[in-house]
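Worksheet: one structure, shown below.
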Amino acid sequence: MTTLSPAPRRALAASLALAACLTASPAVAAATAPRAADRDRTATTAGHGTGVGLDRYYRQRLGWGSCVKGPDDTMGHDLEKAGVQCADVTVPLDYAAPRGRTITVAISRLKATDTRHRIGSILLNNGGPGGTALDSPPDVRKAMKAVGPRYDIIGFDPRFVGRSTPLDCGWSVGTSILSAGLSRASFERQVTFQKGLADKCRATNATVLPHISTRNTARDMDVIRGALGERKISYLGYSYGTYLGTVYTQLFPGRFDRTVLDGALAPGDYGPRLLQGAEPQNEQALSDWAAWAARRHAAYGLGRTRADVLATVRSVVAASARGLTVGTAPEVFRLDDTQVPSLITGAIADDTDPRRAALGEQMSVLAKAADGRPTRLSAQFAAALRTMLTGEDAKSAMAQSAIICGDKPAPRDPERYWRDIERSRTEHALFGPLTNNIGPCAFWDRPREEPTQVRRDAPGLIVAATGDPRVTYKSSLALHGLLPSTKLITLKGANRHALYGEYGNTCVDGKVNQYLATGKLPDNDQTCVKRAD
């Protein structure tokens, strides 16, 4: 999932850390003391019921100040120009030992300007897991149109993500989500590689790993709510953020207001093999892209028909088993059959022309490399490869694995993965070896807590596209069934993950904004259609 700006990052954060492209740095509180007018409303107005020892976290006063961390902090300067302020929220590392070690969670706030009609605060999560939302309030304010000024829009980096207290396992790669490749030998290399990733995290962060989980992030969210002085908080979550939002509703019933879950994931579908079961949707998205590329053969040279383009993709993957070298000095990259399928998967979760063009350029380069011809990389493709193959942005991938592995256990036996991979090859030759591959969770310590079960209903608005290659439409329907008070907005005809404020569908955006403005869900489920253009 390639990140070009804060908005597209949200849309593509479902699974591949390759796409996160996040900046991780220690969370540092703003040095300036808060002015009286900027102090949070006293936490005595907030509903707690938090348990012994947690009141000091809920009642803390936040030191709002500049988001700028230094002269080269582009994100901080952009947030400052938009009127956003930042603060750190102190939370316990272990909620069972609240008097023990603490960590910080970085948050940002774009305050309501229509204070007379203020609704409250809305908290943002962009998915991943491991995605940051600190920089998202200006984009969300824009998407919310007329209702935006009525909210304090709150971005946050979950524990051990972005500018919150960081996690550093010393990884030298930007994703652990890779294919098993075309052979048993490549799978064996994956077993060694993934075990090495887990071993590095255990060796460097054994004391914190048990506390990196979605349930603890949800607890942090409630501390944020209390520190903001809100009795209830609204929520906008994309992709994995819909799972996080669901967990929050189960742990803290009565403390949420308006909830939007976009690209909604049923809890039963969340786990270490995030994309397992989505092979048909990814194949359909790839096929639709191939038809698009065939109409632009003059630009990309991949084939004049859908079938020809797909044949080119297969030949590139086959050639990558021998290794593909792309780029020119000083940036030269070597790719194999575990990495090329990951690149393709990361590029097809968005059927807009710019994203399809990016994949067209990438496949054109890889096809030339497969033929032994010299290649030149665009700045965008080079950045994606640096993210994937080096440790330049590894901290988001480390956080992603730590959260997933801390939430649900994975099968331990490598032979089980190999059997699943071999069974999947017949029907899903490209995507099956990726969705069924082994990962670091196979070598992780078991989670400290059991996964959250949905046992109580919760109202909210679910948004889903019928052709979503990341979170299947079936999964969104399943969550809708578990939460019968929710209403579902379906976008027909789109191979796209994450819609509201991202995809430009006025029907979807309008219905979400109406709910955010009124707090009233539609009487029935709603259907929108992708525009013909």
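Lettering and numbering for the structure tokens are positional, with chains as A, B, ... in the shown order, residues counted from 1 in each chain, and ligands counted from 1 in the shown order.
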For the contact check between stretch 120-187 of chain A and stretch 267-286 of chain A, emit one row per residue of stretch 120-187 of chain A within 12 Å, containing the shortest atom pair and the distance in Å rounded to one decimal, counting only C-alpha atoms, chain then rising number order, as JSON lines.
```
{"residue": "A:Gly128", "atom": "CA", "partner": "A:Leu274", "partner_atom": "CA", "distance": 10.5}
{"residue": "A:Pro129", "atom": "CA", "partner": "A:Leu274", "partner_atom": "CA", "distance": 10.5}
{"residue": "A:Ser176", "atom": "CA", "partner": "A:Pro272", "partner_atom": "CA", "distance": 10.9}
{"residue": "A:Ile177", "atom": "CA", "partner": "A:Arg273", "partner_atom": "CA", "distance": 8.9}
{"residue": "A:Leu178", "atom": "CA", "partner": "A:Arg273", "partner_atom": "CA", "distance": 10.9}
{"residue": "A:Ser179", "atom": "CA", "partner": "A:Arg273", "partner_atom": "CA", "distance": 11.6}
```
Mind checking DSSP for stretch 173-379 of chain A and telling me the alpha helix (DSSP H) residues as a count of residues only?
110
Need the shell around stretch 488-500 of chain A: protein/DNA/RNA residues with any atom at most 8 Å away, counting only C-alpha atoms. Skip same-chain ones fewer than 3 positions apart. Format as a PyMOL selection string?
chain A and resi 10-12+14+143+238-239+262-263+285+348-351+461-471+480+503-505+508-509+512+525-530
For the residues selected in the previous step, produce a file with C-alpha atoms as an mmCIF file, in the first residue's frame.
```cif
data_model
loop_
_atom_site.group_PDB
_atom_site.id
_atom_site.type_symbol
_atom_site.label_atom_id
_atom_site.label_comp_id
_atom_site.auth_asym_id
_atom_site.auth_seq_id
_atom_site.Cartn_x
_atom_site.Cartn_y
_atom_site.Cartn_z
ATOM 1 C CA ARG A 10 -5.825 5.973 4.912
ATOM 2 C CA ALA A 11 -7.391 4.266 1.956
ATOM 3 C CA LEU A 12 -4.720 1.622 1.628
ATOM 4 C CA ALA A 14 -5.535 -2.576 5.524
ATOM 5 C CA ALA A 143 -14.188 15.494 3.787
ATOM 6 C CA TYR A 238 -10.855 2.648 8.242
ATOM 7 C CA SER A 239 -9.908 -0.982 7.562
ATOM 8 C CA ASP A 262 -15.264 2.116 6.555
ATOM 9 C CA GLY A 263 -13.921 -1.041 4.921
ATOM 10 C CA ALA A 285 -9.148 -6.413 -9.124
ATOM 11 C CA ILE A 348 -4.562 -3.192 -6.664
ATOM 12 C CA ALA A 349 -6.645 -2.011 -3.717
ATOM 13 C CA ASP A 350 -7.498 1.193 -5.566
ATOM 14 C CA ASP A 351 -9.128 1.306 -9.014
ATOM 15 C CA LEU A 461 -22.623 3.286 10.020
ATOM 16 C CA ILE A 462 -20.735 0.626 8.026
ATOM 17 C CA VAL A 463 -19.313 1.547 4.614
ATOM 18 C CA ALA A 464 -18.218 -1.125 2.126
ATOM 19 C CA ALA A 465 -17.438 -1.616 -1.568
ATOM 20 C CA THR A 466 -18.576 -4.797 -3.285
ATOM 21 C CA GLY A 467 -15.174 -5.342 -4.920
ATOM 22 C CA ASP A 468 -12.921 -4.443 -1.973
ATOM 23 C CA PRO A 469 -9.725 -6.552 -2.387
ATOM 24 C CA ARG A 470 -8.556 -5.994 1.205
ATOM 25 C CA VAL A 471 -11.621 -6.542 3.380
ATOM 26 C CA HIS A 480 -23.340 -5.827 10.013
ATOM 27 C CA TYR A 503 -12.785 7.909 -3.333
ATOM 28 C CA GLY A 504 -14.769 10.949 -4.378
ATOM 29 C CA ASN A 505 -18.159 9.251 -4.423
ATOM 30 C CA VAL A 508 -21.202 7.771 0.008
ATOM 31 C CA ASP A 509 -19.732 11.003 1.346
ATOM 32 C CA VAL A 512 -21.836 9.668 5.990
ATOM 33 C CA ASP A 525 -29.389 0.093 4.411
ATOM 34 C CA GLN A 526 -28.282 2.298 1.517
ATOM 35 C CA THR A 527 -26.744 1.608 -1.905
ATOM 36 C CA CYS A 528 -24.501 3.863 -3.968
ATOM 37 C CA VAL A 529 -23.000 3.175 -7.408
ATOM 38 C CA LYS A 530 -19.531 3.872 -8.730
#
```
As a PDB file with N, CA, C and O atoms, in the first residue's frame, please: every residue in stretch 219-430 of chain A that DSSP puts in strand (DSSP E).
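Below is the file states.pdb, written as the result:
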```pdb
ATOM      1  N   ILE A 233     -17.475   9.818  22.818  1.00  0.00           N
ATOM      2  CA  ILE A 233     -16.628  10.266  21.723  1.00  0.00           C
ATOM      3  C   ILE A 233     -17.091   9.607  20.431  1.00  0.00           C
ATOM      4  O   ILE A 233     -17.503   8.440  20.419  1.00  0.00           O
ATOM      5  N   SER A 234     -17.090  10.365  19.345  1.00  0.00           N
ATOM      6  CA  SER A 234     -17.393   9.801  18.028  1.00  0.00           C
ATOM      7  C   SER A 234     -16.122   9.206  17.439  1.00  0.00           C
ATOM      8  O   SER A 234     -15.004   9.476  17.906  1.00  0.00           O
ATOM      9  N   TYR A 235     -16.298   8.418  16.380  1.00  0.00           N
ATOM     10  CA  TYR A 235     -15.155   7.645  15.870  1.00  0.00           C
ATOM     11  C   TYR A 235     -15.300   7.423  14.377  1.00  0.00           C
ATOM     12  O   TYR A 235     -16.392   7.113  13.879  1.00  0.00           O
ATOM     13  N   LEU A 236     -14.181   7.585  13.662  1.00  0.00           N
ATOM     14  CA  LEU A 236     -14.091   7.257  12.238  1.00  0.00           C
ATOM     15  C   LEU A 236     -12.911   6.324  12.052  1.00  0.00           C
ATOM     16  O   LEU A 236     -11.763   6.720  12.277  1.00  0.00           O
ATOM     17  N   GLY A 237     -13.176   5.084  11.672  1.00  0.00           N
ATOM     18  CA  GLY A 237     -12.111   4.106  11.501  1.00  0.00           C
ATOM     19  C   GLY A 237     -12.162   3.472  10.125  1.00  0.00           C
ATOM     20  O   GLY A 237     -13.236   3.154   9.608  1.00  0.00           O
ATOM     21  N   TYR A 238     -10.987   3.299   9.540  1.00  0.00           N
ATOM     22  CA  TYR A 238     -10.855   2.648   8.242  1.00  0.00           C
ATOM     23  C   TYR A 238     -10.164   1.287   8.419  1.00  0.00           C
ATOM     24  O   TYR A 238      -9.225   1.152   9.215  1.00  0.00           O
ATOM     25  N   PHE A 256     -19.418   5.781  23.422  1.00  0.00           N
ATOM     26  CA  PHE A 256     -19.218   6.213  22.034  1.00  0.00           C
ATOM     27  C   PHE A 256     -20.492   6.857  21.528  1.00  0.00           C
ATOM     28  O   PHE A 256     -21.605   6.523  21.941  1.00  0.00           O
ATOM     29  N   ASP A 257     -20.300   7.812  20.613  1.00  0.00           N
ATOM     30  CA  ASP A 257     -21.433   8.532  20.040  1.00  0.00           C
ATOM     31  C   ASP A 257     -21.629   8.064  18.603  1.00  0.00           C
ATOM     32  O   ASP A 257     -22.112   6.965  18.372  1.00  0.00           O
ATOM     33  N   ARG A 258     -21.208   8.835  17.613  1.00  0.00           N
ATOM     34  CA  ARG A 258     -21.419   8.496  16.203  1.00  0.00           C
ATOM     35  C   ARG A 258     -20.198   7.736  15.694  1.00  0.00           C
ATOM     36  O   ARG A 258     -19.071   8.210  15.829  1.00  0.00           O
ATOM     37  N   THR A 259     -20.437   6.575  15.128  1.00  0.00           N
ATOM     38  CA  THR A 259     -19.357   5.672  14.755  1.00  0.00           C
ATOM     39  C   THR A 259     -19.473   5.303  13.284  1.00  0.00           C
ATOM     40  O   THR A 259     -20.520   4.805  12.844  1.00  0.00           O
ATOM     41  N   VAL A 260     -18.390   5.537  12.530  1.00  0.00           N
ATOM     42  CA  VAL A 260     -18.337   5.189  11.114  1.00  0.00           C
ATOM     43  C   VAL A 260     -17.214   4.176  10.923  1.00  0.00           C
ATOM     44  O   VAL A 260     -16.063   4.434  11.283  1.00  0.00           O
ATOM     45  N   LEU A 261     -17.556   3.018  10.349  1.00  0.00           N
ATOM     46  CA  LEU A 261     -16.607   1.932  10.126  1.00  0.00           C
ATOM     47  C   LEU A 261     -16.515   1.689   8.620  1.00  0.00           C
ATOM     48  O   LEU A 261     -17.425   1.125   8.012  1.00  0.00           O
ATOM     49  N   ASP A 262     -15.424   2.105   8.013  1.00  0.00           N
ATOM     50  CA  ASP A 262     -15.264   2.116   6.555  1.00  0.00           C
ATOM     51  C   ASP A 262     -14.275   1.034   6.133  1.00  0.00           C
ATOM     52  O   ASP A 262     -13.127   1.029   6.557  1.00  0.00           O
ATOM     53  N   LEU A 324      15.189 -10.436 -10.188  1.00  0.00           N
ATOM     54  CA  LEU A 324      15.058  -9.304 -11.111  1.00  0.00           C
ATOM     55  C   LEU A 324      15.831  -8.123 -10.536  1.00  0.00           C
ATOM     56  O   LEU A 324      15.691  -7.792  -9.358  1.00  0.00           O
ATOM     57  N   THR A 325      16.627  -7.484 -11.382  1.00  0.00           N
ATOM     58  CA  THR A 325      17.375  -6.301 -10.975  1.00  0.00           C
ATOM     59  C   THR A 325      16.778  -5.090 -11.669  1.00  0.00           C
ATOM     60  O   THR A 325      16.652  -5.080 -12.903  1.00  0.00           O
ATOM     61  N   VAL A 326      16.394  -4.089 -10.890  1.00  0.00           N
ATOM     62  CA  VAL A 326      15.782  -2.888 -11.457  1.00  0.00           C
ATOM     63  C   VAL A 326      16.503  -1.659 -10.937  1.00  0.00           C
ATOM     64  O   VAL A 326      17.071  -1.653  -9.842  1.00  0.00           O
ATOM     65  N   GLY A 327      16.456  -0.594 -11.745  1.00  0.00           N
ATOM     66  CA  GLY A 327      17.038   0.675 -11.338  1.00  0.00           C
ATOM     67  C   GLY A 327      18.427   0.891 -11.881  1.00  0.00           C
ATOM     68  O   GLY A 327      19.016   0.028 -12.549  1.00  0.00           O
ATOM     69  N   THR A 328      18.937   2.074 -11.633  1.00  0.00           N
ATOM     70  CA  THR A 328      20.288   2.453 -12.049  1.00  0.00           C
ATOM     71  C   THR A 328      21.019   3.014 -10.839  1.00  0.00           C
ATOM     72  O   THR A 328      20.404   3.519  -9.899  1.00  0.00           O
ATOM     73  N   GLU A 331      20.718   3.749  -7.058  1.00  0.00           N
ATOM     74  CA  GLU A 331      19.590   2.991  -6.505  1.00  0.00           C
ATOM     75  C   GLU A 331      19.280   1.793  -7.403  1.00  0.00           C
ATOM     76  O   GLU A 331      18.599   1.913  -8.424  1.00  0.00           O
ATOM     77  N   VAL A 332      19.781   0.654  -7.011  1.00  0.00           N
ATOM     78  CA  VAL A 332      19.552  -0.600  -7.713  1.00  0.00           C
ATOM     79  C   VAL A 332      18.936  -1.578  -6.719  1.00  0.00           C
ATOM     80  O   VAL A 332      19.426  -1.732  -5.596  1.00  0.00           O
ATOM     81  N   PHE A 333      17.857  -2.248  -7.130  1.00  0.00           N
ATOM     82  CA  PHE A 333      17.139  -3.148  -6.241  1.00  0.00           C
ATOM     83  C   PHE A 333      17.050  -4.534  -6.864  1.00  0.00           C
ATOM     84  O   PHE A 333      16.907  -4.676  -8.083  1.00  0.00           O
ATOM     85  N   ARG A 334      17.093  -5.536  -6.016  1.00  0.00           N
ATOM     86  CA  ARG A 334      16.969  -6.927  -6.438  1.00  0.00           C
ATOM     87  C   ARG A 334      15.680  -7.490  -5.848  1.00  0.00           C
ATOM     88  O   ARG A 334      15.456  -7.422  -4.638  1.00  0.00           O
ATOM     89  N   LEU A 335      14.822  -8.032  -6.714  1.00  0.00           N
ATOM     90  CA  LEU A 335      13.525  -8.554  -6.304  1.00  0.00           C
ATOM     91  C   LEU A 335      13.426 -10.035  -6.633  1.00  0.00           C
ATOM     92  O   LEU A 335      13.961 -10.492  -7.648  1.00  0.00           O
TER      93      LEU A 335
END
```
Excluding same-chain residues fewer than 2 positions from A:Asn205, what lies within 12 Å of it counting only C-alpha atoms, as a PDB file with N, CA, C and O atoms, in the first residue's frame?
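Heads up, here's the output in around_15.pdb:
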```pdb
ATOM      1  N   PHE A 160       2.960   2.659  20.342  1.00  0.00           N
ATOM      2  CA  PHE A 160       4.115   2.124  19.614  1.00  0.00           C
ATOM      3  C   PHE A 160       4.051   2.378  18.100  1.00  0.00           C
ATOM      4  O   PHE A 160       4.710   1.705  17.325  1.00  0.00           O
ATOM      5  N   PRO A 166       7.894   4.639  20.747  1.00  0.00           N
ATOM      6  CA  PRO A 166       8.143   3.794  19.582  1.00  0.00           C
ATOM      7  C   PRO A 166       8.514   2.352  19.939  1.00  0.00           C
ATOM      8  O   PRO A 166       8.889   2.045  21.072  1.00  0.00           O
ATOM      9  N   LEU A 167       8.411   1.507  18.939  1.00  0.00           N
ATOM     10  CA  LEU A 167       8.903   0.131  18.999  1.00  0.00           C
ATOM     11  C   LEU A 167       9.994  -0.008  17.951  1.00  0.00           C
ATOM     12  O   LEU A 167       9.783   0.326  16.786  1.00  0.00           O
ATOM     13  N   ASP A 168      11.153  -0.502  18.344  1.00  0.00           N
ATOM     14  CA  ASP A 168      12.241  -0.704  17.391  1.00  0.00           C
ATOM     15  C   ASP A 168      12.840  -2.088  17.610  1.00  0.00           C
ATOM     16  O   ASP A 168      13.548  -2.327  18.583  1.00  0.00           O
ATOM     17  N   CYS A 169      12.534  -2.993  16.691  1.00  0.00           N
ATOM     18  CA  CYS A 169      13.060  -4.357  16.764  1.00  0.00           C
ATOM     19  C   CYS A 169      14.321  -4.534  15.931  1.00  0.00           C
ATOM     20  O   CYS A 169      14.871  -5.632  15.868  1.00  0.00           O
ATOM     21  N   GLY A 170      14.747  -3.470  15.242  1.00  0.00           N
ATOM     22  CA  GLY A 170      15.942  -3.573  14.423  1.00  0.00           C
ATOM     23  C   GLY A 170      15.739  -4.284  13.106  1.00  0.00           C
ATOM     24  O   GLY A 170      16.690  -4.833  12.530  1.00  0.00           O
ATOM     25  N   ALA A 198      10.691 -12.317  14.179  1.00  0.00           N
ATOM     26  CA  ALA A 198      10.128 -12.517  15.513  1.00  0.00           C
ATOM     27  C   ALA A 198      11.219 -12.558  16.574  1.00  0.00           C
ATOM     28  O   ALA A 198      11.072 -11.972  17.664  1.00  0.00           O
ATOM     29  N   ASP A 199      12.309 -13.238  16.272  1.00  0.00           N
ATOM     30  CA  ASP A 199      13.408 -13.343  17.238  1.00  0.00           C
ATOM     31  C   ASP A 199      13.992 -11.973  17.569  1.00  0.00           C
ATOM     32  O   ASP A 199      14.341 -11.691  18.724  1.00  0.00           O
ATOM     33  N   LYS A 200      14.101 -11.108  16.559  1.00  0.00           N
ATOM     34  CA  LYS A 200      14.639  -9.767  16.806  1.00  0.00           C
ATOM     35  C   LYS A 200      13.736  -8.972  17.737  1.00  0.00           C
ATOM     36  O   LYS A 200      14.218  -8.260  18.629  1.00  0.00           O
ATOM     37  N   CYS A 201      12.423  -9.072  17.537  1.00  0.00           N
ATOM     38  CA  CYS A 201      11.512  -8.332  18.413  1.00  0.00           C
ATOM     39  C   CYS A 201      11.576  -8.876  19.836  1.00  0.00           C
ATOM     40  O   CYS A 201      11.576  -8.106  20.805  1.00  0.00           O
ATOM     41  N   ARG A 202      11.627 -10.182  19.970  1.00  0.00           N
ATOM     42  CA  ARG A 202      11.687 -10.766  21.309  1.00  0.00           C
ATOM     43  C   ARG A 202      12.986 -10.397  22.014  1.00  0.00           C
ATOM     44  O   ARG A 202      13.004 -10.112  23.214  1.00  0.00           O
ATOM     45  N   ALA A 203      14.079 -10.362  21.274  1.00  0.00           N
ATOM     46  CA  ALA A 203      15.380 -10.063  21.876  1.00  0.00           C
ATOM     47  C   ALA A 203      15.485  -8.616  22.334  1.00  0.00           C
ATOM     48  O   ALA A 203      16.192  -8.308  23.295  1.00  0.00           O
ATOM     49  N   THR A 207       9.807  -7.102  27.061  1.00  0.00           N
ATOM     50  CA  THR A 207       8.989  -6.594  28.169  1.00  0.00           C
ATOM     51  C   THR A 207       7.763  -5.827  27.705  1.00  0.00           C
ATOM     52  O   THR A 207       6.794  -5.699  28.467  1.00  0.00           O
ATOM     53  N   VAL A 208       7.768  -5.304  26.476  1.00  0.00           N
ATOM     54  CA  VAL A 208       6.623  -4.512  26.018  1.00  0.00           C
ATOM     55  C   VAL A 208       5.713  -5.280  25.069  1.00  0.00           C
ATOM     56  O   VAL A 208       4.521  -4.960  24.957  1.00  0.00           O
ATOM     57  N   LEU A 209       6.222  -6.285  24.375  1.00  0.00           N
ATOM     58  CA  LEU A 209       5.414  -6.990  23.373  1.00  0.00           C
ATOM     59  C   LEU A 209       4.092  -7.512  23.935  1.00  0.00           C
ATOM     60  O   LEU A 209       3.064  -7.440  23.237  1.00  0.00           O
ATOM     61  N   PRO A 210       4.033  -8.041  25.157  1.00  0.00           N
ATOM     62  CA  PRO A 210       2.748  -8.546  25.646  1.00  0.00           C
ATOM     63  C   PRO A 210       1.671  -7.471  25.801  1.00  0.00           C
ATOM     64  O   PRO A 210       0.491  -7.804  25.922  1.00  0.00           O
ATOM     65  N   HIS A 211       2.071  -6.213  25.763  1.00  0.00           N
ATOM     66  CA  HIS A 211       1.130  -5.117  25.998  1.00  0.00           C
ATOM     67  C   HIS A 211       0.774  -4.361  24.715  1.00  0.00           C
ATOM     68  O   HIS A 211       0.089  -3.334  24.771  1.00  0.00           O
ATOM     69  N   ILE A 212       1.232  -4.861  23.582  1.00  0.00           N
ATOM     70  CA  ILE A 212       0.897  -4.246  22.290  1.00  0.00           C
ATOM     71  C   ILE A 212      -0.256  -5.048  21.703  1.00  0.00           C
ATOM     72  O   ILE A 212      -0.072  -6.165  21.210  1.00  0.00           O
ATOM     73  N   MET A 398       7.000  -3.143  11.983  1.00  0.00           N
ATOM     74  CA  MET A 398       7.220  -3.780  13.280  1.00  0.00           C
ATOM     75  C   MET A 398       5.996  -3.630  14.169  1.00  0.00           C
ATOM     76  O   MET A 398       5.573  -4.590  14.829  1.00  0.00           O
ATOM     77  N   ALA A 399       5.419  -2.425  14.186  1.00  0.00           N
ATOM     78  CA  ALA A 399       4.225  -2.202  14.993  1.00  0.00           C
ATOM     79  C   ALA A 399       3.067  -3.044  14.479  1.00  0.00           C
ATOM     80  O   ALA A 399       2.297  -3.628  15.268  1.00  0.00           O
ATOM     81  N   ALA A 402       3.547  -6.609  15.607  1.00  0.00           N
ATOM     82  CA  ALA A 402       3.397  -6.723  17.057  1.00  0.00           C
ATOM     83  C   ALA A 402       1.931  -6.674  17.461  1.00  0.00           C
ATOM     84  O   ALA A 402       1.492  -7.412  18.365  1.00  0.00           O
TER      85      ALA A 402
END
```
Kindly assemble as CSV a list of the stretch 217-258 of chain A residues that lie within 12 Å of stretch 88-104 of chain A, each paired with its nearest atom pair and their distance in Å to one decimal, using only C-alpha atoms, sorted first by chain and then by ascending residue number.
```
residue,atom,partner,partner_atom,distance
A:Thr217,CA,A:Val91,CA,10.0
A:Ala218,CA,A:Tyr95,CA,11.3
A:Arg219,CA,A:Tyr95,CA,8.2
A:Asp220,CA,A:Val91,CA,6.5
A:Met221,CA,A:Val91,CA,9.8
A:Asp222,CA,A:Val91,CA,10.3
A:Val223,CA,A:Val91,CA,7.4
A:Ile224,CA,A:Val89,CA,6.9
A:Arg225,CA,A:Val89,CA,10.5
A:Gly226,CA,A:Val89,CA,10.5
A:Ala227,CA,A:Val89,CA,7.8
A:Leu228,CA,A:Val89,CA,9.9
```
Store the residues picked out above, limited to N, CA, C and O atoms, as a JSON list (two decimals), in the first residue's frame.
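Output below, filename out-v4.json:
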```
[["chain", "number", "residue", "atom", "x", "y", "z"],
["A", 217, "THR", "N", -5.03, -0.72, 22.89],
["A", 217, "THR", "CA", -5.24, 0.52, 22.12],
["A", 217, "THR", "C", -6.64, 1.06, 22.38],
["A", 217, "THR", "O", -6.83, 2.28, 22.51],
["A", 218, "ALA", "N", -7.64, 0.19, 22.46],
["A", 218, "ALA", "CA", -9.00, 0.63, 22.78],
["A", 218, "ALA", "C", -9.05, 1.26, 24.17],
["A", 218, "ALA", "O", -9.74, 2.26, 24.39],
["A", 219, "ARG", "N", -8.31, 0.68, 25.11],
["A", 219, "ARG", "CA", -8.25, 1.28, 26.46],
["A", 219, "ARG", "C", -7.59, 2.66, 26.40],
["A", 219, "ARG", "O", -8.02, 3.59, 27.09],
["A", 220, "ASP", "N", -6.55, 2.78, 25.56],
["A", 220, "ASP", "CA", -5.93, 4.10, 25.38],
["A", 220, "ASP", "C", -6.93, 5.10, 24.82],
["A", 220, "ASP", "O", -6.93, 6.28, 25.21],
["A", 221, "MET", "N", -7.76, 4.64, 23.88],
["A", 221, "MET", "CA", -8.78, 5.53, 23.32],
["A", 221, "MET", "C", -9.71, 6.06, 24.39],
["A", 221, "MET", "O", -10.11, 7.23, 24.37],
["A", 222, "ASP", "N", -10.05, 5.21, 25.34],
["A", 222, "ASP", "CA", -10.96, 5.69, 26.38],
["A", 222, "ASP", "C", -10.26, 6.66, 27.32],
["A", 222, "ASP", "O", -10.89, 7.60, 27.82],
["A", 223, "VAL", "N", -8.97, 6.46, 27.55],
["A", 223, "VAL", "CA", -8.22, 7.46, 28.31],
["A", 223, "VAL", "C", -8.20, 8.79, 27.56],
["A", 223, "VAL", "O", -8.37, 9.86, 28.16],
["A", 224, "ILE", "N", -8.00, 8.74, 26.25],
["A", 224, "ILE", "CA", -8.04, 9.96, 25.44],
["A", 224, "ILE", "C", -9.39, 10.64, 25.60],
["A", 224, "ILE", "O", -9.48, 11.86, 25.80],
["A", 225, "ARG", "N", -10.45, 9.85, 25.52],
["A", 225, "ARG", "CA", -11.80, 10.43, 25.71],
["A", 225, "ARG", "C", -11.90, 11.14, 27.06],
["A", 225, "ARG", "O", -12.37, 12.29, 27.14],
["A", 226, "GLY", "N", -11.45, 10.47, 28.11],
["A", 226, "GLY", "CA", -11.53, 11.09, 29.43],
["A", 226, "GLY", "C", -10.67, 12.32, 29.55],
["A", 226, "GLY", "O", -11.09, 13.34, 30.13],
["A", 227, "ALA", "N", -9.44, 12.27, 29.02],
["A", 227, "ALA", "CA", -8.54, 13.42, 29.09],
["A", 227, "ALA", "C", -9.07, 14.61, 28.31],
["A", 227, "ALA", "O", -8.79, 15.76, 28.64],
["A", 228, "LEU", "N", -9.88, 14.33, 27.26],
["A", 228, "LEU", "CA", -10.51, 15.40, 26.50],
["A", 228, "LEU", "C", -11.75, 15.95, 27.21],
["A", 228, "LEU", "O", -12.32, 16.96, 26.78]]
```
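Across the structure, atom CA of A:Ile344 and atom CA of A:Leu385 are spaced 12.1 Å apart.
Take atom CA of A:Asp457 and atom CA of A:Tyr515: the distance between them is 18.4 Å.
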When you look at A:Asp371 with a cut-off of 12 Å (counting only C-alpha atoms), what residues show up, excluding the ones that are within fewer than 2 positions of it in the same chain? I need them as a PyMOL selection string.
chain A and resi 312+315-316+318-320+322-326+364-369+373-375
Contacts of A:Glu422 at 12 Å (only C-alpha atoms; same-chain gap of 6+ positions) as an MDAnalysis selection string:
chainID A and resid 180:184 187 415:416 428:437
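Taking atom CA of A:Gly391 and atom CA of A:Gln190 as the two end points, the separation is 17.7 Å.
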Counting only C-alpha atoms, the residue of A:Thr387, A:Thr249, A:Tyr240, A:Gly229 that sits nearest A:Ser172:
A:Thr387
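Nearest to A:Leu302 of all the residues A:Asp445, A:Glu502, A:Asp288, A:Glu361 is A:Glu361, counting only C-alpha atoms.
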